[in-house]
Each structure stands twice: as C-alpha cells, then as structure tokens.
Number of protein chains: 2
Amino acid sequence: MVKKRITLKDVAERAGVSYQTVSKVLAGQGSVSTETRARIQTVVRELGYRPNIRARNLRVQRSHLIGYSWQPEPPDLYNPILEKFLQSIIQSAEQQNHHILTFAWQQETDQLEEYHSLVQSGRVDGLILSSIDFNDRRVAYLMDLNFPFVAFGRANPEWDFAYIDVDGGTGLRQMTEYLLALGHRRIAVLAWLESSRTGEDRLQGYYRAMQQAGVSYEKGWIVHGENIVSAGYDGAGQFLQRPPAERPTALIGMSDTLAIGAMNAAHDLGLTVGRDVSISGFDDAPLSQYLQPPLTTVRQPIWEVGQRSIELLFQIMDDSAPAERQILLPPRLIIRQSTGEPNQ
Amino acid sequence: MVKKRITLKDVAERAGVSYQTVSKVLAGQGSVSTETRARIQTVVRELGYRPNIRARNLRVQRSHLIGYSWQPEPPDLYNPILEKFLQSIIQSAEQQNHHILTFAWQQETDQLEEYHSLVQSGRVDGLILSSIDFNDRRVAYLMDLNFPFVAFGRANPEWDFAYIDVDGGTGLRQMTEYLLALGHRRIAVLAWLESSRTGEDRLQGYYRAMQQAGVSYEKGWIVHGENIVSAGYDGAGQFLQRPPAERPTALIGMSDTLAIGAMNAAHDLGLTVGRDVSISGFDDAPLSQYLQPPLTTVRQPIWEVGQRSIELLFQIMDDSAPAERQILLPPRLIIRQSTGEPNQ
DNA sequence: TGGCTGAAAGCGAACGTTCGCCCGAACGTT
DNA sequence: AACGTTCGGGCGAACGTTCGCTTTCAGCCA
C-alpha cells in the first residue's frame, strides 16, 4: 500500500490555520506573519508534504509538460541525430522545470485525430516536432489552432511558423568546395529521396559550389535513395564499378549512414577509401571518427538545436513575441582521413 | 489566441441534458436511452469535444504517465543500448495509452529530494529505472515506499524487486567458449570498472568458460576501464604491444564501444583484425555490422527488454501479482569476421 | 387502485489546488 | 472621536471531471 497522501488540509489542521494560508506560504505570496510562516514551514517538513501536481495542473490550467512528436525508426535502424536531439531537449526542458512527453507519429496512418486530443485535452503546454516534411499536416493543424510549437526542420516556405534548422545547403557547399579544392572534378552524391525537403536543400549547396567553380556535372551523378546503409552501398557500387577514367573520384553521402554504406562498397571492390576514392558523410555520428579510415563529415550542432528549440518554445508560450522565429544554424566541416587528393 | 475550451457542460447544454449524463455516455456506463445517447454523441462530434485530461487525472487519481529515470550521457558520448531501450518503452507504453516522461538522474548530485516530489506529487503512475547500480538509492527508496517500478538491470541481490535484465554472464560465456573452440588460449578481456555489477556479472561467464575448459588465465588479462572508445584503445594497446609469443590472440570487449577502440589500436599497430588478432564486442550496436571487418558480438534483446518491462510494470500497477518479478533474458552470439582462428 | 420494479436521468459531492475578495484588528491621522 | 490604512488571515469559488445516490415516471402485477 502506498502511504496516504498528505494534502494542504492536513498541514493546515496541524498548524492551526486555514489550508489556503498554507498555500499562500508555499507560493510565497500574500501577507503572512513571520511566526505563522515559520510554523507552517515546520509542519510541511515534518509531514513531508508535496503539492499534488494533478490538482495544481487543473487549477492553473497548465501541465508543465512539453510534447515531442517524432517519427520512430524501425527497431533495427537508428538515427543518431534524432536521438541526440531528444536527449538535448529533455535536458534543456528539465532546466526549466518542464518534462518531455514523447509521442510517436506515423506519417502513413496519419492519426491527426490523436493530435486533436493530445493538444486539446491539455496534456501538454507546447510541442516540439521533428521529422518534418514539406506539407506536414501537424504543422498546418497547429498553426490553425495557434498552439505553441517549434519545429526542428523546415516545411512549406509559405508557412510562417517557428522552426530551428541546420543550414544543410551551406554544409554541402562547404564540403563540395573542399573537395574541389583538393582537385576533385567528378564528384557524385548519394542523396535522399526527392520528396525530402532537407535533402533537396542540401543538394542546392552542391549545385551552387559546382557552378561557382565552373565545373560541369551530370544529372547521373546524383543518386536518390532511402537513408539506410544498404542504399549507400548500392549507390556507391553503381559509381565505383565504372571504368576508372569516368568513375567519380569523390562520393558525398548525405548522411554518415550512407557514407558507411559507400565505404563498405569501396572496400568490397578492393578500393582504398581516402586514396582511391574519397568519401564524405553528413552528421558526424558518434562513431564516425572511429571508422577505418575516420570519416570526413559535416557536423550538425545538434545539441544547440535542441537547446534553442526549447528556448524558443518557452518564449512563444510566454507570449513574449520572440525576435526570431526562424533560426538557421551553420554546420561545420570536419576533415578526417576518408577524403584526400584524387589519385589520377 | 487558442480557441476556448469545450467542456462537458457545453455539450450538455446543447444536448439538453445534465453534464453528468454526457459523462456517462462517454464512459459507456450507466443506463441512457438510445435516443439521448445518439443525440449526445452527435453534439460531441459537432462541437469537437475532448475530455480535459487534467481534470480527469485529478478525479481518478491517475496520470496515465510513466516515468523513465536514467543517467544521461554527456553530449559527446552515446549509448546505443539505452537509446533503443527508450524507444522501445515509448512504443510499448503508447500501445497501452500511456506516455513516457523522462527524468534525468545524476548519481553524483544525488537529488533524492526530487524523487520524493516526482513520486509523491502524483506526476507518474509508475517508474522505469535504468543505469542501476549495486546499492541504488532510487531502488531502496521506491521499495520502501512501495511505489510501482521496474528496473532494467539488477542491484543488490538481497533486495527483492521487479527487474528485467540480460544475462550477460551467459553471453560472455558463450563468447569465450566460441573463442576457445576456435583454438584460442590466451584470451584477454577489456572490462568495465570493478564497481559495475553488470560488468562483474559478465566476467563470471568468462571465468566459468575458461575453468570448464581447463585453460589457465592470468589476472593481468583483465583490464578495467570506463566504457568509452579510448579506454578500449588504450587497453588493447597494452596487450598488443607485447611480444607475439605472449600476446593474447583474442580480445573480448565488454561492449562494442570498447571493441571499436581495440580495433583501432590493432589497426594502428599494423595488425589485421580477424587474422592477427580476434576482437569481439557486446551489444550489437547498430553500426557494428558495418565495421571493417564486421564485429563479432553478443546481441542484447533490447527491444524485448523494453516491452517486457512495460508489461511487468502494468501488472504491478494493476496489483495482479505477476508470476515472475525477476526476468533474465538470454543474449545471442553473433559471429562475424572480426574473429577467426588464432594465427600461430 | 395501490404498490412494486426497473430504466432513465438528475443531483451533489469530491479530487487538491490557487486566486480574489472580504473581514477584523490594530494603528495612525485629522 | 471619527475615519482611513495596512496587515494578517479566512472564506468561497472555481478548474472539469467521475461516481454513487436519489428522484421521477412508466409499466406491470396482485
């Protein structure tokens, strides 16, 4: 049996005051004499009183809870970025005395209905969304309702809502420029599906860098696929089996996951990564620096994305119209040994 | 402005009944005529009524929330096992209409005080704990309070509480037996700190296998360290720099993280993993199969651990005394190319 | 005709807070 | 002496449910 719950009334009775006075003391407001204040505080300690959060939530119409809506990966996959992001918002929220409530969201089954209840039932005070897609229905719905939320990632550019994102276009541009500077001319890309807003955004960086350097590129150097290791393996395989003279000398993966697939393909074809072919990734996943060879990649400031998302959400919930509602953070090029000068 | 909330009373007024009757209809209990029932349901849909969860929580004294207490890693580290575990409990809990509330727990700062409030304030109906240590104060406290919880991992064997764990001893025994069968005799272990209950438990499996095979082993073949890549690197470096005749032919890492460190050390010393030295891990982290060479390891049934933890917790919360309160799941040996017959 | 039964729906209370208002005493001012 | 102010603290209400009890009334039987 869990011990009986101690309420304000229990404390009040023992301290010989009304229970509302106890509430005042605990909230630190209203005028109460120093003696009664002290007396009440002693009793509170003696009894080990803790305010009942459920009752408070009902009364003040807040829950001190923040929802996090994301698309879960299948058990056998993993997404290092989203996992770090979750850690980051959890910790940031806790510093503000809030907690994170996680909500899985299946794009296919599309249970917007559940969203209705989630938001309107008062379970959470605000929402963080990730795995945003271009015409994300959650975003549209929340905007319509004027419910406080912040998205990690951009959607339809015509929509005006609060988001934080990493400027992947700039990241890929830097990577491309770096490879061009090393002397590479035939640079292929292992990209995501064309429906991915983030993916297309990053590709723009590649195009910009190539055009600015006056290097022509073929449509065929971009291969689209899912963000899984095997897609990287297959895509890289296609490129690397061509005759050396027309084979790309560098492969840019749109994620570390794709790059790992590419590294495995190169290895299986007897090519040495970093010498025979340069391979780069995007994310700087925890283990990427320990691969053989260590992976050149673009690091996302994921921890900062999480912190700023929470920060921004609190501003919105407080109604203090934030200065910036759309924040783009720059990523950083991390050069390791999986890239080098072209061999030929 | 968020739109005004619709309550039972709004529905009742429009349907021409008392609000308690509406509640009855929604709960599906009590006797209400078919006509009024239908009429109420129409109004509910028209108005888009959603019950206020905060009020319900107060009334029924439950929150439909489950707390998850774990020790966060520093931002630059990562623990693939715990991350999958979290995913798993989130999904399992959602299937039962509950959500997970995450609580960071710093062992050092030891704010048990916060635990008091967490539990006694009625924020959560039950708790899942991970990162358990031998004399875990959370466990002691919750047992004393008789609050429903399930731990992922074991603590002081004298304590009787509900836990789920993976039988790491058996895992390491299988691994050791497999290496012995390949012909290895000098088998070293990269272990965790001696204060780790889980670590010592796994080591027992190694001892058992070696003794049973009648193979003598030296105390010095076990090196203890933190669960980070560099500890694996350093530990392996010590072993592999010895003269070939007395150098271990196989290295067992107590985690994939340590094994990756060891693989890097071997590489830097010019040794080929799987031929010159066998290296194995523990966990089967998502990327381990894509390392060069792919890592032989012990797979933890982590998804199942999560599911069963939630299942067990619900049984405890329902007071239906569960058949088994202590569950040990067997891990599985995954053989890949980082291990092979000894070279000499 | 009187009384019993059961279905349908209403009513009051409670969950444990917070918040605004009111009241009385003490004190100071004109 | 009458009046205003301030301080300490009490009181009632409300947040939106659920739950159990009571009331009403129609139907039926003796």
# chains A, B, ... in the order shown; residues from 1 in each chain; ligands from 1
call {"tool": "interface_residues", "arguments": {"of": "chain D", "to": "chain A", "cutoff": "9 Å", "atoms": "only C-alpha atoms (C1' of nucleotides)", "output": "ChimeraX atom specification"}}
result
/D:7-10,14-16
call {"tool": "interface_residues", "arguments": {"of": "chain B", "to": "chain A", "cutoff": "6 Å", "atoms": "only C-alpha atoms", "output": "number ranges by chain"}}
result
B: 2, 50-55, 58, 100-101, 121, 146
call {"tool": "closest_residue", "arguments": {"among": "C:DC4, C:DC11, C:DC19, C:DA25", "to": "chain B", "atoms": "only C-alpha atoms (C1' of nucleotides)"}}
result
C:DC11
call {"tool": "interface_residues", "arguments": {"of": "chain C", "to": "chain A", "cutoff": "8 Å", "atoms": "only C-alpha atoms (C1' of nucleotides)", "output": "PyMOL selection string"}}
result
chain C and resi 15-18
call {"tool": "select_by_dssp", "arguments": {"residues": "segment 76-265 of chain A", "states": "strand (DSSP E)", "output": "MDAnalysis selection string"}}
result
chainID A and resid 99:104 126:129 149:152 163:166 187:191 222:224 250:253
call {"tool": "decode", "arguments": {"residues": "segment 243-292 of chain A", "atoms": "N, CA and C atoms", "output": "compact mmCIF listing (two decimals), in the first residue's frame"}}
result
# COMPACT_ATOMS: atom_id res chain seq x y z
N PRO A 243 34.46 2.29 -65.37
CA PRO A 243 35.90 2.33 -65.65
C PRO A 243 36.55 3.54 -64.96
N PRO A 244 37.77 3.35 -64.48
CA PRO A 244 38.44 4.38 -63.69
C PRO A 244 38.41 5.76 -64.31
N ALA A 245 38.47 5.86 -65.59
CA ALA A 245 38.58 7.17 -66.23
C ALA A 245 37.28 7.98 -66.11
N GLU A 246 36.16 7.31 -65.92
CA GLU A 246 34.92 8.07 -65.84
C GLU A 246 34.22 7.90 -64.50
N ARG A 247 34.90 7.21 -63.64
CA ARG A 247 34.36 6.96 -62.30
C ARG A 247 34.56 8.22 -61.44
N PRO A 248 33.57 8.55 -60.62
CA PRO A 248 33.75 9.69 -59.72
C PRO A 248 34.95 9.46 -58.82
N THR A 249 35.66 10.52 -58.52
CA THR A 249 36.79 10.38 -57.61
C THR A 249 36.38 10.68 -56.17
N ALA A 250 35.22 11.30 -56.05
CA ALA A 250 34.73 11.59 -54.70
C ALA A 250 33.24 11.31 -54.61
N LEU A 251 32.83 10.80 -53.46
CA LEU A 251 31.42 10.48 -53.20
C LEU A 251 30.99 11.24 -51.95
N ILE A 252 29.95 12.05 -52.12
CA ILE A 252 29.41 12.74 -50.96
C ILE A 252 28.16 12.03 -50.48
N GLY A 253 28.18 11.56 -49.27
CA GLY A 253 26.98 10.95 -48.70
C GLY A 253 26.18 12.02 -48.00
N MET A 254 24.87 11.91 -48.09
CA MET A 254 24.05 12.94 -47.47
C MET A 254 23.86 12.66 -45.97
N SER A 255 24.42 11.55 -45.54
CA SER A 255 24.42 11.24 -44.11
C SER A 255 25.59 10.31 -43.87
N ASP A 256 25.98 10.20 -42.62
CA ASP A 256 27.05 9.26 -42.29
C ASP A 256 26.62 7.83 -42.59
N THR A 257 25.35 7.57 -42.41
CA THR A 257 24.83 6.23 -42.69
C THR A 257 25.09 5.85 -44.15
N LEU A 258 24.76 6.75 -45.07
CA LEU A 258 25.00 6.48 -46.49
C LEU A 258 26.50 6.35 -46.75
N ALA A 259 27.29 7.19 -46.09
CA ALA A 259 28.74 7.15 -46.30
C ALA A 259 29.32 5.81 -45.85
N ILE A 260 28.78 5.29 -44.76
CA ILE A 260 29.28 3.99 -44.29
C ILE A 260 28.98 2.91 -45.31
N GLY A 261 27.79 2.96 -45.88
CA GLY A 261 27.47 2.03 -46.95
C GLY A 261 28.45 2.15 -48.10
N ALA A 262 28.76 3.38 -48.44
CA ALA A 262 29.69 3.63 -49.55
C ALA A 262 31.08 3.10 -49.22
N MET A 263 31.51 3.29 -47.99
CA MET A 263 32.83 2.80 -47.60
C MET A 263 32.89 1.29 -47.71
N ASN A 264 31.80 0.64 -47.33
CA ASN A 264 31.79 -0.81 -47.44
C ASN A 264 31.82 -1.27 -48.89
N ALA A 265 31.13 -0.55 -49.75
CA ALA A 265 31.14 -0.90 -51.17
C ALA A 265 32.55 -0.75 -51.74
N ALA A 266 33.18 0.37 -51.39
CA ALA A 266 34.54 0.60 -51.89
C ALA A 266 35.46 -0.53 -51.43
N HIS A 267 35.34 -0.87 -50.18
CA HIS A 267 36.17 -1.94 -49.62
C HIS A 267 35.96 -3.25 -50.37
N ASP A 268 34.71 -3.57 -50.62
CA ASP A 268 34.42 -4.83 -51.30
C ASP A 268 34.92 -4.85 -52.74
N LEU A 269 35.07 -3.65 -53.30
CA LEU A 269 35.57 -3.59 -54.68
C LEU A 269 37.09 -3.45 -54.70
N GLY A 270 37.69 -3.57 -53.54
CA GLY A 270 39.15 -3.53 -53.48
C GLY A 270 39.73 -2.13 -53.56
N LEU A 271 38.93 -1.13 -53.30
CA LEU A 271 39.44 0.24 -53.35
C LEU A 271 39.74 0.74 -51.94
N THR A 272 40.78 1.52 -51.81
CA THR A 272 41.12 2.07 -50.51
C THR A 272 40.49 3.46 -50.37
N VAL A 273 39.67 3.60 -49.36
CA VAL A 273 38.98 4.87 -49.15
C VAL A 273 39.98 5.92 -48.69
N GLY A 274 39.91 7.09 -49.29
CA GLY A 274 40.81 8.18 -48.92
C GLY A 274 41.96 8.27 -49.90
N ARG A 275 42.21 7.16 -50.61
CA ARG A 275 43.29 7.18 -51.59
C ARG A 275 42.69 6.95 -52.99
N ASP A 276 42.06 5.79 -53.19
CA ASP A 276 41.47 5.51 -54.50
C ASP A 276 40.17 6.28 -54.71
N VAL A 277 39.47 6.49 -53.63
CA VAL A 277 38.22 7.25 -53.74
C VAL A 277 38.00 7.99 -52.42
N SER A 278 37.53 9.22 -52.53
CA SER A 278 37.22 9.99 -51.32
C SER A 278 35.75 9.85 -51.00
N ILE A 279 35.45 9.67 -49.73
CA ILE A 279 34.06 9.52 -49.31
C ILE A 279 33.81 10.43 -48.11
N SER A 280 32.69 11.14 -48.16
CA SER A 280 32.36 12.01 -47.03
C SER A 280 30.92 11.79 -46.60
N GLY A 281 30.64 12.18 -45.37
CA GLY A 281 29.30 12.00 -44.83
C GLY A 281 28.69 13.31 -44.37
N PHE A 282 27.67 13.18 -43.57
CA PHE A 282 26.96 14.35 -43.03
C PHE A 282 26.30 13.92 -41.74
N ASP A 283 26.61 14.60 -40.66
CA ASP A 283 26.02 14.39 -39.33
C ASP A 283 27.07 14.39 -38.25
N ASP A 284 28.20 13.73 -38.55
CA ASP A 284 29.18 13.41 -37.52
C ASP A 284 28.55 12.57 -36.42
N ALA A 285 28.13 11.40 -36.81
CA ALA A 285 27.58 10.45 -35.84
C ALA A 285 28.67 10.05 -34.85
N PRO A 286 28.26 9.58 -33.68
CA PRO A 286 29.21 9.32 -32.60
C PRO A 286 30.39 8.44 -33.01
N LEU A 287 30.15 7.45 -33.85
CA LEU A 287 31.23 6.52 -34.16
C LEU A 287 31.99 6.86 -35.43
N SER A 288 31.57 7.88 -36.14
CA SER A 288 32.17 8.15 -37.44
C SER A 288 33.67 8.41 -37.34
N GLN A 289 34.08 9.00 -36.24
CA GLN A 289 35.50 9.30 -36.10
C GLN A 289 36.32 8.04 -35.86
N TYR A 290 35.65 6.94 -35.53
CA TYR A 290 36.40 5.71 -35.26
C TYR A 290 36.35 4.72 -36.40
N LEU A 291 35.75 5.10 -37.50
CA LEU A 291 35.73 4.20 -38.65
C LEU A 291 37.13 4.11 -39.23
N GLN A 292 37.34 3.11 -40.05
CA GLN A 292 38.62 2.96 -40.74
C GLN A 292 38.43 3.23 -42.21
